[in-house]
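Student: My structure file final.cif, mmCIF, C-alpha atoms, is below:
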data_input
#
loop_
_atom_site.label_atom_id
_atom_site.label_comp_id
_atom_site.auth_asym_id
_atom_site.auth_seq_id
_atom_site.Cartn_x
_atom_site.Cartn_y
_atom_site.Cartn_z
CA MET P 1 -32.56 -0.46 -26.73
CA LYS P 2 -35.39 -2.15 -28.61
CA LYS P 3 -34.02 -1.11 -32.00
CA ASP P 4 -30.80 -3.01 -31.23
CA ILE P 5 -32.53 -6.32 -30.49
CA ARG P 6 -31.80 -9.21 -32.85
CA PHE P 7 -34.41 -11.95 -33.20
CA VAL P 8 -33.01 -15.47 -33.61
CA GLY P 9 -35.03 -18.29 -35.15
CA LEU P 10 -33.90 -21.84 -34.38
CA ASP P 11 -35.07 -24.90 -36.28
CA VAL P 12 -34.08 -27.60 -33.79
CA HIS P 13 -33.44 -31.27 -34.51
CA ALA P 14 -31.84 -34.02 -32.44
CA GLU P 15 -28.35 -33.48 -33.90
CA THR P 16 -28.45 -30.11 -35.62
CA ILE P 17 -29.88 -26.60 -35.26
CA SER P 18 -30.52 -24.33 -38.23
CA VAL P 19 -30.06 -20.67 -37.25
CA ALA P 20 -31.46 -17.48 -38.77
CA VAL P 21 -31.35 -13.88 -37.51
CA ALA P 22 -33.77 -11.00 -38.12
CA ASP P 23 -31.72 -7.81 -37.76
CA PRO P 24 -33.21 -4.49 -36.62
CA SER P 25 -32.62 -3.09 -40.11
CA GLY P 26 -35.17 -5.53 -41.52
CA GLU P 27 -32.84 -8.06 -43.09
CA VAL P 28 -33.44 -11.76 -42.32
CA ARG P 29 -30.44 -13.93 -43.03
CA SER P 30 -29.40 -17.51 -42.41
CA ILE P 31 -26.43 -18.11 -40.12
CA GLY P 32 -26.09 -21.77 -41.05
CA ILE P 33 -26.33 -25.07 -39.23
CA ILE P 34 -24.64 -25.86 -35.92
CA PRO P 35 -24.47 -29.09 -33.90
CA ASN P 36 -27.07 -29.43 -31.16
CA ARG P 37 -24.43 -29.39 -28.44
CA PRO P 38 -23.90 -27.01 -25.47
CA GLU P 39 -20.48 -25.86 -26.64
CA ALA P 40 -21.80 -25.01 -30.12
CA ILE P 41 -24.67 -23.03 -28.58
CA ARG P 42 -22.23 -21.07 -26.41
CA LYS P 43 -20.12 -20.20 -29.47
CA LEU P 44 -23.28 -19.12 -31.34
CA VAL P 45 -24.34 -16.73 -28.57
CA LYS P 46 -20.83 -15.28 -28.38
CA ARG P 47 -20.84 -14.81 -32.16
CA LEU P 48 -24.23 -13.08 -32.31
CA GLY P 49 -23.43 -10.43 -29.71
CA PRO P 50 -24.34 -9.44 -26.13
CA PRO P 51 -26.96 -11.86 -24.70
CA ASP P 52 -29.23 -9.03 -23.52
CA THR P 53 -29.67 -7.90 -27.16
CA LEU P 54 -30.82 -11.34 -28.36
CA ARG P 55 -34.31 -12.85 -28.44
CA ALA P 56 -34.40 -16.52 -29.47
CA CYS P 57 -37.27 -18.86 -30.25
CA TYR P 58 -37.84 -22.41 -31.43
CA GLU P 59 -40.83 -24.69 -31.87
CA ALA P 60 -41.97 -27.04 -29.13
CA GLY P 61 -41.21 -30.63 -30.06
CA PRO P 62 -39.50 -33.88 -29.12
CA THR P 63 -36.27 -32.14 -28.11
CA GLY P 64 -38.02 -30.73 -25.05
CA TYR P 65 -36.83 -27.68 -23.15
CA VAL P 66 -33.09 -28.44 -22.93
CA LEU P 67 -32.18 -25.69 -25.40
CA TYR P 68 -34.45 -23.23 -23.56
CA TRP P 69 -32.59 -23.77 -20.28
CA GLN P 70 -29.20 -23.59 -22.00
CA LEU P 71 -29.99 -20.22 -23.60
CA THR P 72 -31.56 -18.90 -20.40
CA GLU P 73 -28.42 -19.76 -18.42
CA LEU P 74 -26.37 -17.85 -21.02
CA GLY P 75 -28.53 -14.76 -20.44
CA VAL P 76 -30.53 -15.00 -23.68
CA ARG P 77 -34.28 -14.53 -23.48
CA CYS P 78 -35.88 -17.51 -25.19
CA ASP P 79 -39.45 -18.48 -26.07
CA VAL P 80 -40.70 -21.93 -27.00
CA VAL P 81 -43.53 -21.41 -29.48
CA ALA P 82 -46.55 -23.48 -30.45
CA PRO P 83 -45.80 -25.11 -33.84
CA THR P 84 -49.47 -25.32 -34.84
CA LEU P 85 -49.83 -21.53 -34.48
CA VAL P 86 -46.86 -20.55 -36.65
CA PRO P 87 -48.20 -18.59 -39.68
CA VAL P 88 -48.03 -20.51 -42.96
CA LYS P 89 -48.41 -19.01 -46.44
CA ALA P 90 -50.99 -20.90 -48.46
CA GLY P 91 -48.90 -20.84 -51.62
CA ASP P 92 -45.60 -21.84 -50.02
CA ARG P 93 -44.68 -25.33 -51.20
CA VAL P 94 -40.96 -25.32 -50.33
CA LYS P 95 -39.92 -26.41 -46.85
CA THR P 96 -36.32 -26.61 -45.68
CA ASP P 97 -34.58 -26.17 -42.34
CA ARG P 98 -33.06 -22.88 -43.49
CA ARG P 99 -36.43 -21.48 -44.61
CA ASP P 100 -38.10 -22.66 -41.39
CA ALA P 101 -35.48 -20.86 -39.27
CA GLU P 102 -35.87 -17.68 -41.32
CA LYS P 103 -39.65 -17.84 -41.03
CA LEU P 104 -39.39 -18.22 -37.23
CA ALA P 105 -37.04 -15.24 -36.95
CA ARG P 106 -39.26 -13.06 -39.17
CA SER P 107 -42.51 -14.04 -37.41
CA TYR P 108 -40.91 -13.66 -33.97
CA ARG P 109 -39.82 -10.11 -34.80
CA SER P 110 -43.33 -9.20 -35.96
CA GLY P 111 -44.94 -10.71 -32.85
CA ASP P 112 -46.93 -13.37 -34.71
CA LEU P 113 -45.78 -16.37 -32.61
CA THR P 114 -47.50 -17.78 -29.53
CA PRO P 115 -45.20 -18.90 -26.69
CA VAL P 116 -46.07 -22.02 -24.71
CA TRP P 117 -45.68 -22.47 -20.98
CA VAL P 118 -42.29 -23.92 -20.03
CA PRO P 119 -42.54 -26.04 -16.85
CA ASP P 120 -40.01 -25.69 -14.09
CA ALA P 121 -38.02 -28.70 -12.86
CA ALA P 122 -40.68 -29.80 -10.34
CA HIS P 123 -43.57 -29.60 -12.81
CA GLU P 124 -41.61 -31.29 -15.60
CA ALA P 125 -40.62 -34.20 -13.34
CA LEU P 126 -44.24 -34.65 -12.23
CA ARG P 127 -45.44 -34.42 -15.81
CA ASP P 128 -43.02 -37.15 -16.92
CA LEU P 129 -44.30 -39.37 -14.10
CA VAL P 130 -48.02 -38.98 -14.79
CA ARG P 131 -47.48 -39.42 -18.53
CA ALA P 132 -45.52 -42.62 -17.85
CA ARG P 133 -48.51 -43.89 -15.86
CA GLU P 134 -50.86 -42.90 -18.68
CA ALA P 135 -48.73 -44.87 -21.13
CA ALA P 136 -48.75 -47.84 -18.74
CA LYS P 137 -52.56 -47.73 -18.56
CA LYS P 138 -52.76 -47.80 -22.36
CA ASP P 139 -50.37 -50.75 -22.47
CA GLN P 140 -52.47 -52.53 -19.85
CA MET P 141 -55.60 -52.03 -21.96
CA ARG P 142 -53.85 -53.45 -25.02
CA ALA P 143 -52.56 -56.45 -23.05
CA ARG P 144 -56.05 -57.16 -21.70
CA HIS P 145 -57.56 -56.84 -25.16
CA ARG P 146 -55.08 -59.33 -26.60
CA LEU P 147 -55.81 -61.87 -23.89
CA GLY P 148 -59.58 -61.28 -24.01
CA LYS P 149 -59.80 -61.61 -27.80
CA PHE P 150 -57.61 -64.71 -27.72
CA LEU P 151 -59.99 -66.39 -25.25
CA LEU P 152 -63.05 -65.21 -27.17
CA ARG P 153 -61.63 -66.53 -30.43
CA HIS P 154 -61.41 -70.00 -28.88
CA GLY P 155 -64.77 -69.85 -27.13
CA ARG P 156 -63.42 -69.64 -23.58
CA ARG P 157 -65.91 -67.60 -21.55
CA PRO P 158 -65.88 -67.09 -17.78
CA PRO P 159 -68.74 -68.49 -15.66
CA ASN P 160 -71.73 -66.28 -14.92
CA GLY P 161 -71.16 -63.77 -12.14
CA ILE P 162 -67.46 -63.20 -12.82
CA LYS P 163 -66.77 -59.69 -14.06
CA PRO P 164 -63.91 -59.12 -16.51
CA TRP P 165 -60.47 -58.30 -15.11
CA THR P 166 -61.34 -58.82 -11.48
CA VAL P 167 -59.23 -61.03 -9.21
CA LYS P 168 -61.68 -63.90 -9.73
CA HIS P 169 -61.52 -63.47 -13.48
CA LEU P 170 -57.73 -63.70 -13.56
CA GLU P 171 -57.79 -66.70 -11.23
CA TRP P 172 -60.21 -68.41 -13.62
CA VAL P 173 -57.94 -67.68 -16.59
CA LYS P 174 -54.83 -69.00 -14.82
CA LYS P 175 -56.41 -72.13 -13.26
CA GLU P 176 -59.27 -73.21 -15.52
CA VAL P 177 -58.24 -72.21 -19.04
CA ASP P 178 -55.99 -74.67 -20.88
CA PHE P 179 -55.30 -75.79 -24.44
CA ASP P 180 -54.31 -79.07 -26.01
CA GLN P 181 -51.74 -77.51 -28.33
CA GLN P 182 -48.41 -76.51 -26.80
CA ALA P 183 -48.21 -73.46 -29.07
CA GLN P 184 -51.51 -72.11 -27.73
CA ARG P 185 -50.44 -72.78 -24.13
CA ALA P 186 -47.33 -70.69 -24.82
CA VAL P 187 -49.48 -67.85 -26.22
CA LEU P 188 -51.79 -67.97 -23.18
CA LEU P 189 -48.85 -67.84 -20.78
CA ASP P 190 -47.31 -64.90 -22.62
CA TYR P 191 -50.58 -62.93 -22.63
CA ILE P 192 -51.11 -63.57 -18.91
CA SER P 193 -47.54 -62.48 -18.16
CA GLU P 194 -48.10 -59.23 -20.06
CA VAL P 195 -51.28 -58.49 -18.09
CA ASP P 196 -49.50 -59.15 -14.79
CA HIS P 197 -46.52 -57.06 -15.87
CA ALA P 198 -48.76 -54.11 -16.80
CA ARG P 199 -50.53 -54.30 -13.43
CA ASP P 200 -47.23 -54.33 -11.51
CA ARG P 201 -45.90 -51.45 -13.61
CA ILE P 202 -48.93 -49.28 -12.84
CA GLN P 203 -48.66 -50.03 -9.13
CA ARG P 204 -44.98 -49.01 -9.13
CA LEU P 205 -45.75 -45.74 -10.90
CA GLU P 206 -48.65 -44.93 -8.58
CA ARG P 207 -46.40 -45.46 -5.57
CA ALA P 208 -43.90 -43.12 -7.20
CA ILE P 209 -46.66 -40.53 -7.67
CA ASP P 210 -47.52 -40.77 -3.96
CA GLU P 211 -43.87 -40.16 -3.06
CA ALA P 212 -43.59 -37.28 -5.55
CA VAL P 213 -46.62 -35.53 -4.05
CA GLU P 214 -45.17 -35.81 -0.55
CA THR P 215 -41.89 -34.18 -1.63
CA ALA P 216 -43.46 -31.57 -3.97
CA PRO P 217 -43.21 -27.84 -3.20
CA GLU P 218 -45.76 -26.68 -0.64
CA ARG P 219 -47.72 -24.52 -3.08
CA MET P 220 -48.03 -27.33 -5.62
CA ARG P 221 -49.01 -29.84 -2.93
CA ALA P 222 -51.70 -27.49 -1.59
CA VAL P 223 -53.34 -27.20 -5.03
CA ILE P 224 -53.22 -30.98 -5.55
CA GLU P 225 -54.96 -31.56 -2.20
CA ALA P 226 -57.56 -28.86 -2.84
CA LEU P 227 -58.52 -30.14 -6.30
CA GLN P 228 -59.43 -33.48 -4.73
CA ALA P 229 -62.40 -31.74 -3.09
CA LEU P 230 -64.09 -31.99 -6.50
CA ARG P 231 -66.15 -35.04 -7.29
CA GLY P 232 -64.41 -37.31 -9.78
CA VAL P 233 -60.97 -35.82 -9.09
CA ALA P 234 -58.87 -38.17 -6.95
CA GLN P 235 -55.12 -37.90 -6.43
CA VAL P 236 -53.92 -39.12 -9.83
CA SER P 237 -56.34 -36.79 -11.62
CA ALA P 238 -55.34 -33.82 -9.45
CA VAL P 239 -51.63 -34.50 -9.99
CA THR P 240 -52.19 -34.75 -13.76
CA ILE P 241 -54.03 -31.41 -13.84
CA VAL P 242 -51.30 -29.61 -11.89
CA ALA P 243 -48.50 -31.24 -13.90
CA GLU P 244 -50.07 -30.34 -17.26
CA VAL P 245 -51.29 -26.84 -16.40
CA GLY P 246 -48.73 -25.55 -13.92
CA GLU P 247 -49.94 -22.58 -11.90
CA LEU P 248 -53.64 -22.06 -12.60
CA SER P 249 -53.35 -18.37 -11.75
CA ARG P 250 -51.36 -17.82 -14.97
CA PHE P 251 -54.77 -17.87 -16.70
CA ALA P 252 -56.58 -14.56 -16.14
CA ARG P 253 -59.99 -16.11 -16.77
CA PRO P 254 -61.41 -19.65 -16.73
CA ARG P 255 -62.25 -19.42 -20.43
CA GLN P 256 -58.53 -19.26 -21.16
CA LEU P 257 -58.04 -22.56 -19.34
CA MET P 258 -60.92 -24.06 -21.33
CA GLY P 259 -59.23 -22.94 -24.54
CA TYR P 260 -55.91 -24.36 -23.35
CA SER P 261 -57.57 -27.76 -22.99
CA GLY P 262 -59.04 -27.69 -26.49
CA ALA P 263 -62.53 -28.36 -25.09
CA VAL P 264 -64.08 -25.27 -26.71
CA SER P 265 -66.21 -25.40 -29.84
CA SER P 266 -64.65 -24.88 -33.23
CA GLU P 267 -66.21 -22.09 -35.26
CA HIS P 268 -66.37 -21.00 -38.89
CA SER P 269 -68.50 -17.88 -39.12
CA SER P 270 -68.62 -15.24 -41.82
CA GLY P 271 -70.99 -12.33 -42.36
CA GLU P 272 -74.43 -13.18 -41.04
CA ARG P 273 -73.68 -16.91 -40.92
CA THR P 274 -72.58 -18.44 -37.64
CA ARG P 275 -71.44 -22.05 -37.69
CA ARG P 276 -70.04 -23.87 -34.65
CA GLY P 277 -68.83 -27.44 -34.74
CA ALA P 278 -67.25 -30.06 -32.51
CA ILE P 279 -64.62 -29.16 -29.95
CA SER P 280 -61.42 -27.86 -31.48
CA LYS P 281 -59.08 -30.34 -29.70
CA ALA P 282 -56.39 -27.69 -30.31
CA GLY P 283 -54.97 -27.90 -26.82
CA ASN P 284 -53.51 -30.14 -24.16
CA SER P 285 -54.96 -33.60 -24.84
CA HIS P 286 -53.75 -35.01 -21.50
CA LEU P 287 -55.65 -32.35 -19.56
CA ARG P 288 -58.74 -32.77 -21.72
CA ARG P 289 -58.78 -36.55 -21.24
CA ILE P 290 -58.50 -36.43 -17.45
CA VAL P 291 -61.20 -33.74 -17.12
CA VAL P 292 -63.64 -35.61 -19.37
CA GLU P 293 -63.12 -38.74 -17.28
CA ALA P 294 -63.87 -36.74 -14.12
CA ALA P 295 -66.98 -35.19 -15.70
CA TRP P 296 -68.75 -38.57 -15.89
CA ALA P 297 -69.12 -38.45 -12.08
CA TYR P 298 -71.55 -35.54 -12.35
CA ARG P 299 -74.28 -37.61 -13.95
CA HIS P 300 -75.12 -38.70 -10.39
CA LYS P 301 -77.05 -36.60 -7.89
CA PRO P 302 -75.00 -34.34 -5.60
CA SER P 303 -73.78 -36.22 -2.51
CA LEU P 304 -70.81 -36.56 -0.18
CA GLY P 305 -69.64 -40.17 -0.05
CA GLY P 306 -67.08 -41.53 2.33
CA ALA P 307 -64.15 -41.29 -0.06
CA LEU P 308 -64.98 -37.71 -1.08
CA ARG P 309 -65.54 -36.65 2.52
CA SER P 310 -62.15 -38.12 3.41
CA ARG P 311 -60.44 -36.19 0.60
CA GLN P 312 -62.06 -32.95 1.78
CA ASP P 313 -60.94 -33.43 5.37
CA GLY P 314 -58.70 -30.55 6.42
CA LEU P 315 -59.50 -28.30 3.44
CA SER P 316 -60.81 -24.75 3.83
CA GLU P 317 -64.53 -24.04 3.84
CA GLU P 318 -64.06 -21.84 0.77
CA VAL P 319 -62.72 -24.75 -1.27
CA LYS P 320 -65.48 -27.07 -0.02
CA ALA P 321 -68.11 -24.50 -1.00
CA ILE P 322 -66.75 -24.28 -4.55
CA ALA P 323 -66.73 -28.09 -4.83
CA TRP P 324 -70.30 -28.36 -3.53
CA LYS P 325 -71.48 -25.66 -5.94
CA ALA P 326 -69.80 -27.60 -8.75
CA GLN P 327 -71.79 -30.74 -7.91
CA HIS P 328 -75.14 -28.93 -8.10
CA ARG P 329 -74.37 -26.85 -11.18
CA LEU P 330 -72.74 -29.61 -13.24
CA HIS P 331 -75.35 -32.24 -12.38
CA SER P 332 -78.07 -29.77 -13.36
CA ARG P 333 -76.20 -29.07 -16.57
CA TYR P 334 -75.94 -32.79 -17.34
CA ARG P 335 -79.68 -33.37 -16.76
CA ARG P 336 -80.67 -30.34 -18.84
CA LEU P 337 -78.60 -31.35 -21.86
CA ALA P 338 -79.55 -35.02 -21.57
CA ALA P 339 -83.25 -34.06 -21.51
CA LYS P 340 -82.77 -32.32 -24.86
CA GLY P 341 -81.69 -35.63 -26.39
CA LYS P 342 -78.02 -34.81 -26.73
CA VAL P 343 -75.53 -37.67 -27.13
CA ARG P 344 -74.09 -38.60 -23.74
CA GLN P 345 -70.50 -38.09 -24.86
CA GLN P 346 -71.37 -34.55 -26.01
CA VAL P 347 -73.13 -33.87 -22.72
CA VAL P 348 -70.14 -35.04 -20.69
CA THR P 349 -67.77 -32.96 -22.83
CA ALA P 350 -69.87 -29.86 -22.12
CA VAL P 351 -69.82 -30.68 -18.41
CA ALA P 352 -66.05 -31.18 -18.55
CA ARG P 353 -65.59 -27.76 -20.12
CA GLU P 354 -67.55 -26.16 -17.27
CA LEU P 355 -65.70 -28.29 -14.71
CA LEU P 356 -62.49 -26.57 -15.82
CA GLY P 357 -63.99 -23.33 -14.52
CA PHE P 358 -64.34 -24.79 -11.02
CA ILE P 359 -60.83 -26.25 -11.24
CA TRP P 360 -59.56 -22.77 -12.10
CA ALA P 361 -61.50 -21.22 -9.19
CA ILE P 362 -60.09 -23.68 -6.64
CA GLY P 363 -56.55 -23.44 -8.00
CA VAL P 364 -56.49 -19.64 -8.03
CA THR P 365 -57.99 -19.46 -4.53
CA VAL P 366 -55.42 -21.84 -3.05
CA GLU P 367 -52.48 -20.25 -4.87
CA MET P 368 -53.46 -16.79 -3.68
CA ASN P 369 -53.95 -17.97 -0.10
CA THR P 370 -50.61 -19.81 -0.12
CA LYS P 371 -48.86 -16.77 -1.57
CA ALA P 372 -50.43 -14.48 1.04
CA ALA P 373 -49.45 -16.86 3.85
CA GLY P 374 -45.86 -16.91 2.56
CA LYS P 375 -45.68 -13.11 2.68
CA GLN P 376 -46.80 -12.88 6.33
CA PRO P 377 -43.90 -11.99 8.65
CA ALA P 378 -42.75 -14.78 10.94
CA ARG P 379 -43.69 -14.37 14.61
#
Could you show the structure in this file as structure tokens?

Tutor:
Amino acid sequence: MKKDIRFVGLDVHAETISVAVADPSGEVRSIGIIPNRPEAIRKLVKRLGPPDTLRACYEAGPTGYVLYWQLTELGVRCDVVAPTLVPVKAGDRVKTDRRDAEKLARSYRSGDLTPVWVPDAAHEALRDLVRAREAAKKDQMRARHRLGKFLLRHGRRPPNGIKPWTVKHLEWVKKEVDFDQQAQRAVLLDYISEVDHARDRIQRLERAIDEAVETAPERMRAVIEALQALRGVAQVSAVTIVAEVGELSRFARPRQLMGYSGAVSSEHSSGERTRRGAISKAGNSHLRRIVVEAAWAYRHKPSLGGALRSRQDGLSEEVKAIAWKAQHRLHSRYRRLAAKGKVRQQVVTAVARELLGFIWAIGVTVEMNTKAAGKQPAR
């Protein structure tokens, strides 16, 4: 059966798809360009032969996973591959859609492509939501910077004791700051409106995240609740981790999760020379950002505050033990590296990489327990 399989490479764009096929005989040929429409894809599959003899692939990109689900529904096995890991010839200086499709088909047949994880409907919806909140937070930072720099440029500073971007600070800006020129008053009003709009937008999205967690599948919800046992990982952070990673048990070892985040060291070694550099950043940047933010909490001594104790209420003793071990180990790691004179950002990045190991341990434990509970016969 394997000798009859045809490997299909798809170079996907918003309006068109360039198609190439690697036949079992060894020939790689271009099929042409089709519209990126469901009916055109159905005709293509019918033209290429029985769906169970086809293996299709395309690069992950802005078109998302729509084509993946369309091909899967038609019975065609499809892989979405990592574009940064597609082999490239050093001397190849010609790039066209046809050549890209042929290269995908040829590399797919030889097994040189790396598939990425395709989220299901629940994970993809949650991912869209947390990324919308992340974008809103960036917009809020930009809006605050514009207002802050505008005030600084005109020498308007808040009284002593008022911290930036607190309720008192915004009240001071709205009530005490004024300008003689009408144009500057219009600018001030616009900047304040943008800051208020960004705040309201974040609040709406966070309420939507709360509702999404309540209606999420039981297994996903259990992992989100368990991850909050870790210091520095509240609900938004836990939801982001689950949305970006999916099932943590799909990683056989914690080092694989660390590599997926791009928080591992880059390396260029040859012969007797070993050279390691900064982190590779060749991974999920959203996961890496949220874990690094959480890692800053481990510069403090191990303790159980009121908020953390509340998040751990109702969790299993096994999960609590892993979280408590994480506090001791990661704080010790932070102190050890800081004592060597390392830059704090580098220290926190190293702690974040190790924190991913504890995240993996909690996720795998909860997923296995939930799976085992689901298999128990009803009484």

Student: Which neighbours of Arg144 in chain P fall inside 9 Å, counting all atoms listed in the file, when residues of the same chain fewer than 3 positions from it are skipped, and could you give them as a list in words?

Tutor: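 Residues meeting the cut-off are Asp139, Gln140, Met141, Leu147, Gly148, Lys149, Trp165, Tyr191, Ile192, Glu194 and Val195 of chain P.
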
Student: Taking into account only C-alpha atoms, which residue in the set P:Thr53, P:Asn36, P:Thr370, P:Ser25 is nearest to Arg6 in chain P?

Tutor: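 Among the listed residues, the smallest separation from Arg6 in chain P belongs to P:Thr53.
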
Student: Just give me the gap between CA of Gly357 in chain P and CA of Ile322 in chain P in Å, one decimal is fine.

Tutor: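 A separation of 10.4 Å between them.
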
Student: Pick out the closest residue to Thr84 in chain P from this set: P:Tyr65, P:His145, P:Lys281, P:Gly271. Count all atoms listed in the file.

Tutor: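 Closest candidate: P:Lys281.
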
Student: Run the PyMOL selection byres ((chain P and resi 287-290) around 7) against the file shown and list the residues it catches, as a PyMOL selection string.

Tutor: chain P and resi 237+241+244+261-263+284-286+291-294

Student: Taking C-alpha atoms for each residue, export the selection above as an mmCIF file, in the coordinates of the input.

Tutor:
data_model
loop_
_atom_site.group_PDB
_atom_site.id
_atom_site.type_symbol
_atom_site.label_atom_id
_atom_site.label_comp_id
_atom_site.auth_asym_id
_atom_site.auth_seq_id
_atom_site.Cartn_x
_atom_site.Cartn_y
_atom_site.Cartn_z
ATOM 1 C CA SER P 237 -56.340 -36.790 -11.620
ATOM 2 C CA ILE P 241 -54.030 -31.410 -13.840
ATOM 3 C CA GLU P 244 -50.070 -30.340 -17.260
ATOM 4 C CA SER P 261 -57.570 -27.760 -22.990
ATOM 5 C CA GLY P 262 -59.040 -27.690 -26.490
ATOM 6 C CA ALA P 263 -62.530 -28.360 -25.090
ATOM 7 C CA ASN P 284 -53.510 -30.140 -24.160
ATOM 8 C CA SER P 285 -54.960 -33.600 -24.840
ATOM 9 C CA HIS P 286 -53.750 -35.010 -21.500
ATOM 10 C CA VAL P 291 -61.200 -33.740 -17.120
ATOM 11 C CA VAL P 292 -63.640 -35.610 -19.370
ATOM 12 C CA GLU P 293 -63.120 -38.740 -17.280
ATOM 13 C CA ALA P 294 -63.870 -36.740 -14.120
#

Student: Which residues match the PyMOL selection byres ((chain P and resi 90-100) around 7) in the file above, as number ranges by chain?

Tutor: P: 11, 18, 30, 88-89, 101-104

Student: Could you tell me how far CA of Met258 in chain P sits from CA of Arg353 in chain P, in Å to one decimal place?

Tutor: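 Those two atoms sit 6.1 Å apart.
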
Student: Just checking: using all atoms listed in the file, which residue out of P:Ala60, P:Ala40, P:Ala105, P:Ala238 ends up closest to Trp117 in chain P?

Tutor: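 Closest to Trp117 in chain P, using all atoms listed in the file: P:Ala60.
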
Student: Pick out the residues sitting within 9 Å of Gln327 in chain P, and hand them over as an NGL selection string; count all atoms listed in the file, and ignore anything fewer than 3 positions along from it in its own chain.

Tutor: :P and (230-231 or 298 or 300-303 or 322-324 or 330-332)

Student: Which is closest to Gly111 in chain P among P:Glu272, P:Asp128, P:Glu211, P:Asp79, if we use all atoms listed in the file?

Tutor: P:Asp79

Student: Find the distance between CA of Leu355 in chain P and CA of Gln256 in chain P and write it in Å to one decimal.

Tutor: 13.2 Å

Student: When you count all atoms listed in the file, which of these residues is closest to Glu214 in chain P: P:Leu126, P:Ile279, P:Ala136, P:Ala229?

Tutor: P:Leu126

Student: At a cut-off of 7 Å, using all atoms listed in the file, what residues contact Pro51 in chain P? Leave out same-chain residues fewer than 2 positions from it and give the result as a ChimeraX atom specification.

Tutor: /P:45,49,53-54,75-76

Student: Could you spell out the hits of the PyMOL selection byres ((chain P and resi 67) around 10) on the shown file, as a PyMOL selection string?

Tutor: chain P and resi 10+12+36-38+41+57-58+63-66+68-73+78+80

Student: Please give the centre and size of the box around range 97-110 of chain P (axis-aligned, containing every atom listed in the file, 6 Å added per side), with values in Å to one decimal and written as AutoDock Vina command-line options.

Tutor:
--center_x -38.2 --center_y -17.7 --center_z -39.3 --size_x 22.3 --size_y 29.0 --size_z 22.6

Student: Would you please work out which residue, of P:Ala234, P:Ala243, P:Leu337, P:Leu356, is nearest to Ser310 in chain P when using only C-alpha atoms?

Tutor: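 Residue with the minimum atom-to-atom distance to Ser310 in chain P: P:Ala234.
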
Student: List as a ChimeraX atom specification the protein and nucleic acid residues near Val319 in chain P, meaning an atom at most 10 Å away when only C-alpha atoms are counted, but skip any in the same chain fewer than 2 places from it.

Tutor: /P:226-230,312,315-317,321-325,358,361-363,365-366

Student: For Arg276 in chain P, list every protein, DNA or RNA residue within 7 Å, evaluated using all atoms listed in the file, and leave out those in the same chain fewer than 3 positions away; present the list as a list of chain:residue names.

Tutor: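 Near neighbours after the sequence-gap exclusion: P:Ser265, P:Ser266, P:Glu267, P:His268.
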
Student: Please produce an output containing C-alpha atoms for each residue in the selection, written as a PDB file, in the frame of the given file.

Tutor:
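What ended up in out.pdb:
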ATOM      1  CA  SER P 265     -66.210 -25.400 -29.840  1.00  0.00           C
ATOM      2  CA  SER P 266     -64.650 -24.880 -33.230  1.00  0.00           C
ATOM      3  CA  GLU P 267     -66.210 -22.090 -35.260  1.00  0.00           C
ATOM      4  CA  HIS P 268     -66.370 -21.000 -38.890  1.00  0.00           C
TER       5      HIS P 268
END
